[in-house]
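With compact mmCIF, C-alpha atoms inside, this is target_21.txt:
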# COMPACT_ATOMS: atom_id res chain seq x y z
CA MET A 40 97.92 -206.44 -127.65
CA GLU A 41 95.80 -207.37 -130.64
CA TYR A 42 97.02 -206.73 -134.19
CA ILE A 43 95.43 -206.29 -137.57
CA THR A 44 97.17 -207.23 -140.82
CA LEU A 45 97.23 -204.55 -143.51
CA ASN A 46 96.69 -205.33 -147.19
CA ASN A 47 100.45 -205.63 -147.77
CA GLY A 48 101.00 -208.07 -144.87
CA ILE A 49 102.30 -205.51 -142.37
CA LYS A 50 100.98 -206.05 -138.82
CA MET A 51 99.67 -203.00 -136.96
CA PRO A 52 98.59 -202.76 -133.30
CA ILE A 53 94.84 -202.18 -133.07
CA LEU A 54 95.47 -199.77 -130.18
CA GLY A 55 97.99 -196.94 -130.28
CA TYR A 56 98.78 -193.60 -128.70
CA GLY A 57 97.93 -190.37 -130.53
CA VAL A 58 99.75 -187.08 -129.99
CA TYR A 59 97.33 -184.66 -131.66
CA GLN A 60 97.30 -181.41 -129.62
CA VAL A 61 100.14 -182.63 -127.41
CA ASP A 62 102.39 -179.64 -126.72
CA PRO A 63 105.72 -180.14 -128.55
CA ALA A 64 107.48 -179.47 -125.24
CA GLU A 65 105.50 -182.30 -123.63
CA ALA A 66 105.61 -184.79 -126.51
CA GLU A 67 108.79 -186.59 -125.48
CA ARG A 68 107.57 -187.12 -121.92
CA CYS A 69 104.10 -188.20 -123.04
CA VAL A 70 105.39 -190.72 -125.57
CA LEU A 71 107.86 -192.14 -123.06
CA ASP A 72 104.98 -192.52 -120.58
CA ALA A 73 102.84 -194.20 -123.23
CA ILE A 74 105.59 -196.63 -124.18
CA SER A 75 106.20 -197.48 -120.53
CA ALA A 76 102.45 -198.11 -120.18
CA GLY A 77 102.69 -200.69 -122.97
CA TYR A 78 101.87 -198.78 -126.14
CA ARG A 79 103.93 -199.70 -129.17
CA SER A 80 102.05 -197.71 -131.82
CA ILE A 81 102.54 -193.92 -131.86
CA ASP A 82 100.60 -191.62 -134.20
CA THR A 83 101.93 -188.16 -135.03
CA ALA A 84 101.86 -185.79 -138.02
CA GLN A 85 103.84 -182.99 -139.60
CA ALA A 86 101.04 -180.58 -138.71
CA TYR A 87 101.24 -181.45 -135.01
CA ALA A 88 104.73 -179.89 -134.75
CA ASN A 89 105.80 -182.60 -132.30
CA GLU A 90 107.59 -185.14 -134.52
CA GLU A 91 110.89 -184.18 -132.89
CA GLY A 92 109.55 -184.95 -129.43
CA VAL A 93 108.29 -188.30 -130.67
CA GLY A 94 111.70 -188.94 -132.22
CA ASN A 95 113.49 -188.14 -128.97
CA ALA A 96 111.24 -190.61 -127.15
CA ILE A 97 111.88 -193.29 -129.77
CA ALA A 98 115.61 -192.79 -129.30
CA LYS A 99 115.46 -192.87 -125.49
CA CYS A 100 112.75 -195.45 -124.72
CA GLY A 101 114.97 -198.53 -124.85
CA VAL A 102 112.43 -200.48 -126.90
CA PRO A 103 113.90 -201.94 -130.13
CA ARG A 104 112.78 -199.93 -133.14
CA GLU A 105 111.28 -203.00 -134.81
CA GLU A 106 108.87 -203.38 -131.88
CA LEU A 107 107.48 -199.88 -132.44
CA PHE A 108 104.92 -198.83 -135.05
CA ILE A 109 105.30 -195.15 -135.97
CA THR A 110 102.75 -193.24 -138.04
CA THR A 111 103.07 -189.72 -139.42
CA LYS A 112 101.18 -187.72 -142.02
CA VAL A 113 102.06 -185.35 -144.87
CA TRP A 114 100.40 -181.95 -144.39
CA ILE A 115 98.61 -179.86 -147.03
CA SER A 116 101.44 -177.32 -147.27
CA ASN A 117 103.73 -180.18 -148.36
CA ALA A 118 101.35 -181.42 -151.06
CA GLY A 119 102.78 -182.29 -154.46
CA TYR A 120 105.56 -184.67 -155.46
CA GLU A 121 108.64 -182.51 -154.77
CA LYS A 122 107.41 -180.95 -151.52
CA ALA A 123 106.08 -184.24 -150.21
CA LYS A 124 109.33 -186.03 -151.07
CA ALA A 125 111.35 -183.44 -149.14
CA SER A 126 108.91 -183.51 -146.21
CA ILE A 127 109.19 -187.29 -145.89
CA GLU A 128 112.96 -186.95 -145.51
CA GLU A 129 112.38 -184.21 -142.92
CA SER A 130 109.97 -186.41 -140.98
CA LEU A 131 112.50 -189.26 -140.99
CA ARG A 132 115.11 -186.87 -139.61
CA LYS A 133 112.84 -185.51 -136.89
CA LEU A 134 111.65 -188.98 -135.90
CA GLN A 135 115.27 -190.19 -135.80
CA THR A 136 114.43 -193.33 -137.74
CA THR A 137 115.38 -194.90 -141.04
CA TYR A 138 111.79 -195.87 -141.83
CA ILE A 139 108.21 -194.92 -141.03
CA ASP A 140 105.77 -197.76 -140.42
CA LEU A 141 102.71 -195.94 -141.77
CA LEU A 142 102.65 -192.72 -143.79
CA LEU A 143 99.34 -191.02 -144.56
CA ILE A 144 98.15 -188.07 -146.62
CA HIS A 145 96.64 -185.93 -143.86
CA GLN A 146 93.90 -184.15 -145.84
CA PRO A 147 92.42 -184.59 -149.35
CA PHE A 148 93.50 -181.13 -150.53
CA GLY A 149 96.16 -179.78 -152.84
CA ASP A 150 98.09 -182.02 -155.24
CA TYR A 151 97.53 -185.15 -153.20
CA TYR A 152 98.17 -187.32 -156.26
CA GLY A 153 101.69 -185.88 -156.41
CA THR A 154 102.00 -186.50 -152.68
CA TYR A 155 100.92 -190.09 -153.14
CA ARG A 156 103.50 -190.65 -155.89
CA ALA A 157 106.22 -189.48 -153.51
CA MET A 158 104.86 -191.84 -150.86
CA GLU A 159 104.82 -194.75 -153.30
CA GLU A 160 108.43 -193.99 -154.14
CA ALA A 161 109.39 -193.94 -150.44
CA TYR A 162 107.51 -197.21 -149.97
CA LYS A 163 109.41 -198.91 -152.80
CA ALA A 164 112.69 -197.59 -151.36
CA GLY A 165 111.93 -199.15 -147.97
CA LYS A 166 111.64 -195.81 -146.19
CA VAL A 167 107.97 -196.49 -145.47
CA LYS A 168 106.40 -199.86 -144.61
CA ALA A 169 102.80 -198.94 -145.51
CA ILE A 170 101.02 -195.94 -147.01
CA GLY A 171 97.50 -194.62 -146.88
CA VAL A 172 95.28 -191.60 -146.43
CA SER A 173 93.37 -189.69 -143.78
CA ASN A 174 90.02 -187.87 -143.98
CA PHE A 175 89.25 -189.29 -147.42
CA TYR A 176 85.51 -189.74 -147.88
CA PRO A 177 84.38 -192.77 -149.92
CA ASP A 178 84.31 -190.89 -153.24
CA ARG A 179 87.89 -189.65 -153.04
CA LEU A 180 89.09 -192.86 -151.43
CA LEU A 181 87.71 -194.96 -154.28
CA ASP A 182 89.25 -192.57 -156.80
CA ILE A 183 92.78 -192.75 -155.41
CA HIS A 184 92.46 -196.49 -154.71
CA HIS A 185 91.51 -197.14 -158.34
CA PHE A 186 94.39 -195.18 -159.85
CA ALA A 187 97.17 -195.79 -157.29
CA GLU A 188 99.88 -198.32 -158.02
CA VAL A 189 100.32 -199.09 -154.32
CA LYS A 190 96.83 -199.41 -152.87
CA PRO A 191 96.11 -197.41 -149.69
CA ALA A 192 96.46 -199.64 -146.63
CA VAL A 193 94.68 -197.35 -144.15
CA ASN A 194 92.15 -194.54 -144.10
CA GLN A 195 92.09 -192.60 -140.83
CA VAL A 196 88.75 -190.85 -140.34
CA GLU A 197 86.67 -189.41 -137.53
CA THR A 198 85.21 -192.51 -135.87
CA HIS A 199 83.54 -192.81 -132.47
CA VAL A 200 80.28 -194.07 -131.00
CA PHE A 201 78.32 -191.08 -132.35
CA CYS A 202 79.90 -191.24 -135.83
CA GLN A 203 80.58 -194.88 -136.64
CA GLN A 204 81.34 -194.48 -140.38
CA LYS A 205 79.16 -197.42 -141.40
CA LEU A 206 79.01 -196.49 -145.09
CA ALA A 207 82.71 -195.60 -145.27
CA LYS A 208 83.62 -198.89 -143.55
CA GLU A 209 81.57 -200.80 -146.11
CA TYR A 210 83.69 -199.43 -148.96
CA MET A 211 86.94 -199.80 -147.04
CA ASN A 212 86.20 -203.43 -146.27
CA LYS A 213 85.24 -204.05 -149.89
CA ASN A 214 88.60 -202.70 -151.07
CA GLY A 215 90.87 -204.12 -148.37
CA ILE A 216 91.53 -200.79 -146.64
CA GLN A 217 91.81 -200.68 -142.85
CA ILE A 218 89.72 -198.08 -141.03
CA GLU A 219 91.53 -196.15 -138.30
CA SER A 220 89.83 -193.73 -135.93
CA TRP A 221 90.84 -190.24 -135.08
CA GLY A 222 88.94 -188.70 -132.20
CA PRO A 223 87.74 -191.99 -130.65
CA PHE A 224 86.38 -189.95 -127.73
CA ALA A 225 85.06 -187.13 -129.97
CA GLU A 226 87.10 -184.78 -127.76
CA GLY A 227 84.40 -185.16 -125.10
CA LYS A 228 81.60 -183.74 -127.25
CA ASN A 229 77.98 -184.78 -126.55
CA ASP A 230 78.94 -185.25 -122.88
CA TYR A 231 80.72 -188.38 -124.15
CA PHE A 232 82.07 -189.70 -120.85
CA ASN A 233 78.70 -189.41 -119.11
CA ASN A 234 76.69 -191.14 -121.80
CA PRO A 235 74.19 -193.37 -119.93
CA VAL A 236 74.54 -196.31 -122.33
CA LEU A 237 78.34 -196.35 -122.06
CA LYS A 238 78.22 -195.89 -118.29
CA GLU A 239 75.66 -198.64 -117.77
CA ILE A 240 77.66 -201.10 -119.84
CA GLY A 241 80.86 -200.00 -118.10
CA THR A 242 79.33 -200.67 -114.67
CA ALA A 243 78.49 -204.21 -115.75
CA HIS A 244 82.13 -204.84 -116.63
CA GLY A 245 83.83 -202.73 -113.99
CA LYS A 246 85.08 -200.37 -116.69
CA SER A 247 84.78 -196.67 -117.51
CA ALA A 248 82.69 -195.20 -120.31
CA ALA A 249 85.93 -194.43 -122.16
CA GLN A 250 87.10 -198.05 -121.94
CA VAL A 251 83.72 -199.28 -123.20
CA ALA A 252 83.90 -196.87 -126.14
CA LEU A 253 87.38 -198.07 -127.09
CA ARG A 254 86.37 -201.71 -126.67
CA PHE A 255 83.39 -201.14 -128.96
CA LEU A 256 85.60 -199.74 -131.71
CA ILE A 257 88.18 -202.49 -131.32
CA GLN A 258 85.52 -205.20 -131.51
CA SER A 259 84.21 -203.43 -134.60
CA GLY A 260 87.61 -203.83 -136.25
CA VAL A 261 88.60 -200.18 -135.93
CA VAL A 262 92.19 -199.17 -135.10
CA VAL A 263 92.14 -196.60 -132.27
CA ILE A 264 94.70 -194.04 -131.09
CA PRO A 265 93.36 -192.38 -127.92
CA LYS A 266 95.29 -189.39 -126.62
CA SER A 267 95.94 -188.28 -123.05
CA THR A 268 98.77 -186.39 -121.40
CA HIS A 269 98.16 -188.16 -118.07
CA LYS A 270 99.84 -191.52 -117.55
CA GLU A 271 96.97 -192.90 -115.46
CA ARG A 272 94.59 -192.20 -118.35
CA MET A 273 97.01 -193.76 -120.82
CA GLU A 274 97.03 -196.89 -118.65
CA GLU A 275 93.24 -196.88 -118.42
CA ASN A 276 92.88 -196.55 -122.19
CA PHE A 277 95.35 -199.40 -122.68
CA ASN A 278 93.49 -201.71 -120.30
CA VAL A 279 90.73 -202.78 -122.70
CA PHE A 280 91.76 -206.31 -123.65
CA ASP A 281 90.54 -208.11 -120.54
CA PHE A 282 86.81 -207.89 -121.27
CA GLU A 283 84.45 -208.34 -124.19
CA LEU A 284 81.15 -206.69 -125.03
CA THR A 285 78.16 -208.92 -125.66
CA GLU A 286 76.19 -208.81 -128.89
CA ASN A 287 73.39 -206.99 -127.06
CA GLU A 288 75.83 -204.41 -125.66
CA MET A 289 77.36 -203.88 -129.11
CA ASN A 290 73.86 -203.34 -130.54
CA LYS A 291 73.05 -200.75 -127.86
CA ILE A 292 76.19 -198.78 -128.69
CA GLU A 293 75.59 -199.11 -132.43
CA ALA A 294 72.25 -197.37 -131.85
CA LEU A 295 74.13 -194.25 -130.65
CA ASP A 296 75.36 -193.59 -134.17
CA SER A 297 74.05 -190.34 -135.64
CA GLY A 298 75.81 -190.80 -138.98
CA GLU A 299 76.99 -187.20 -138.68
CA SER A 300 80.36 -185.63 -137.91
CA LEU A 301 80.69 -183.78 -134.62
CA PHE A 302 83.48 -181.66 -136.10
CA PHE A 303 83.25 -180.71 -139.78
CA SER A 304 82.43 -181.93 -143.27
CA HIS A 305 84.89 -181.83 -146.15
CA TYR A 306 81.88 -181.37 -148.41
CA ASP A 307 81.14 -178.00 -146.76
CA PRO A 308 82.69 -175.10 -148.75
CA LYS A 309 83.25 -173.11 -145.55
CA THR A 310 85.24 -175.99 -144.10
CA VAL A 311 87.36 -176.18 -147.24
CA GLU A 312 87.95 -172.41 -147.10
CA TRP A 313 89.07 -172.78 -143.49
CA PHE A 314 91.56 -175.52 -144.39
CA MET A 315 92.97 -173.30 -147.12
CA THR A 316 93.77 -170.64 -144.52
CA LEU A 317 96.09 -173.18 -142.86
CA VAL A 318 98.28 -173.61 -145.94

Would you write out, as structure tokens, the structure that this file holds?
Amino acid sequence: MEYITLNNGIKMPILGYGVYQVDPAEAERCVLDAISAGYRSIDTAQAYANEEGVGNAIAKCGVPREELFITTKVWISNAGYEKAKASIEESLRKLQTTYIDLLLIHQPFGDYYGTYRAMEEAYKAGKVKAIGVSNFYPDRLLDIHHFAEVKPAVNQVETHVFCQQKLAKEYMNKNGIQIESWGPFAEGKNDYFNNPVLKEIGTAHGKSAAQVALRFLIQSGVVVIPKSTHKERMEENFNVFDFELTENEMNKIEALDSGESLFFSHYDPKTVEWFMTLV
């Protein structure tokens, strides 16, 4: 496993297992499978409704807690200091742990400044090892970074071969914030796994298009958390440290970038209205 060091000195695996859209009834089994496959970083969120399953797996896996890196996120409905503070305690209870390795604000909506104050408080109390944000575009990221007492360590944003976040990465790098990908496979959009560039490069290395895509992100310094409910896929996604892409191959994949989201834009009023219906 390769690690990156966050701006507060905490080490984070560059590859983890994500449980977005994992059925709560399946979460425990999936996380146990992922841990047995070698994963030590698990990414969940309050909105995924599967923190308890993750917690059960943490308790049963037999791996010492200090060897695991657990991420969760505060949802919009828990925005604001008091609600966020209570939700952090609830997440700790569900995850069956005394501390969270990385805690993120899930979306830049509601009183996220109040949320961040509660996260800073939990950080200072040792209940959280690192804090950050998710889905913060450069403007809002720079705003909260400038005014926060504890600087965000991570920003988790849509990042894959078709949306490489080049501008966002520039500002994150400038301010010591680690980029983390959600949707590293873009949920299969754009016929992702049959992309001719990824397949051609994969053939040269004896790897799948998915493995090439993950390797590209890792070599680009992006933390990735691919999700699968099938253990053989988990193992495939984990097996990306025994090859390296050439400069020419990296350039070919960089050329796939459209600079556009394949999902939604937080600048779109209709998208914001849709998020508000979830609160």

Give me the residues near segment 158-167 of chain A as a ChimeraX atom specification, where near means some atom within 6 Å (using all atoms listed in the file) and where sequence neighbours in that chain fewer than 6 positions away do not count. /A:138-140

How would you write as a PDB file with C-alpha atoms, keeping the file's coordinate frame the residues that get within 10 Å of (82.5, -199.6, -143.4) in the file's frame, counting all atoms listed in the file?
ATOM      1  CA  PRO A 177      84.380-192.770-149.920  1.00  0.00           C
ATOM      2  CA  GLN A 203      80.580-194.880-136.640  1.00  0.00           C
ATOM      3  CA  GLN A 204      81.340-194.480-140.380  1.00  0.00           C
ATOM      4  CA  LYS A 205      79.160-197.420-141.400  1.00  0.00           C
ATOM      5  CA  LEU A 206      79.010-196.490-145.090  1.00  0.00           C
ATOM      6  CA  ALA A 207      82.710-195.600-145.270  1.00  0.00           C
ATOM      7  CA  LYS A 208      83.620-198.890-143.550  1.00  0.00           C
ATOM      8  CA  GLU A 209      81.570-200.800-146.110  1.00  0.00           C
ATOM      9  CA  TYR A 210      83.690-199.430-148.960  1.00  0.00           C
ATOM     10  CA  MET A 211      86.940-199.800-147.040  1.00  0.00           C
ATOM     11  CA  ASN A 212      86.200-203.430-146.270  1.00  0.00           C
ATOM     12  CA  LYS A 213      85.240-204.050-149.890  1.00  0.00           C
ATOM     13  CA  ILE A 216      91.530-200.790-146.640  1.00  0.00           C
ATOM     14  CA  GLN A 217      91.810-200.680-142.850  1.00  0.00           C
ATOM     15  CA  ILE A 218      89.720-198.080-141.030  1.00  0.00           C
ATOM     16  CA  SER A 259      84.210-203.430-134.600  1.00  0.00           C
ATOM     17  CA  GLY A 260      87.610-203.830-136.250  1.00  0.00           C
ATOM     18  CA  VAL A 261      88.600-200.180-135.930  1.00  0.00           C
TER      19      VAL A 261
END

Closest of A:Pro52, A:Pro147, A:Gly94, A:Gly153 to Tyr120 of chain A - atom-to-atom distances counting all atoms listed in the file: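 Nearest to Tyr120 of chain A: A:Gly153.
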
Restricting the calculation to only C-alpha atoms: of A:Lys270, A:Lys190, A:Arg156, A:Arg254, which residue gets closest to Tyr56 of chain A? A:Lys270

What does the distance between atom CA of Glu293 of chain A and atom CA of Leu253 of chain A come to in Å, to one decimal place?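 Atom-to-atom, atom CA of Glu293 of chain A to atom CA of Leu253 of chain A, that is 13.0 Å.
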
Separation of atom CA of Ile183 of chain A and atom CA of Leu142 of chain A, in Å? 15.2 Å

What's the 10 Å shell around segment 306-314 of chain A, counting all atoms listed in the file, without same-chain residues fewer than 6 positions away, as a PyMOL selection string? chain A and resi 115+146+148+176

Between atom CA of Phe108 of chain A and atom CA of Val61 of chain A - distance in Å to one decimal: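 Atom CA of Val61 of chain A sits 18.5 Å away from atom CA of Phe108 of chain A.
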
Give the answer as one residue: which of A:Glu275, A:Glu67, A:Glu286, A:Asp281 has the shortest atom-to-atom distance to Ala249 of chain A, using all atoms listed in the file?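 Ranking A:Glu275, A:Glu67, A:Glu286, A:Asp281 by distance to Ala249 of chain A, first place goes to A:Glu275.
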
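Using all atoms listed in the file, the nearest neighbour of Leu54 of chain A within the list A:Cys69, A:Ile74, A:Leu295, A:Ile257 is A:Ile257.
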
Of the listed residues A:Ile43, A:Val70, A:Ala123, A:Ala86, that which approaches Lys99 of chain A most closely, counting all atoms listed in the file: A:Val70

Pick out the closest residue to Ile264 of chain A from this set: A:Asn234, A:Thr44, A:Ser220, A:Thr154. Count all atoms listed in the file.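 Result for the nearest residue to Ile264 of chain A: A:Ser220.
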
Considering all atoms listed in the file, return as a list in words whatever protein or nucleic-acid residues lie within 10 Å of Leu301 of chain A, sequence-local ones (same chain, fewer than 6 positions apart) excluded. Glu197, Thr198, His199, Phe201, Cys202, Gly222, Ala225, Glu226, Lys228 and Asn229 of chain A

Surrounding residues of Ile81 of chain A excluding itself and chain neighbours under 4 positions, 6 Å, all atoms listed in the file, as a list in words: Gly55, Tyr56, Gly57 and Ile109 of chain A

Please provide the set of residues having any atom within 8 Å of Ser130 of chain A, restricted to only C-alpha atoms, with same-chain residues fewer than 4 positions apart removed, written as a ChimeraX atom specification. /A:85,90,111,126,134

Given the point (76.2, -204.3, -126.8) in the file's coordinates, find the residues that have an atom at most 12 Å from it, counting only C-alpha atoms, and give them as a PyMOL selection string. chain A and resi 200+236-237+239-241+243-244+251-252+254-256+258-259+283-295
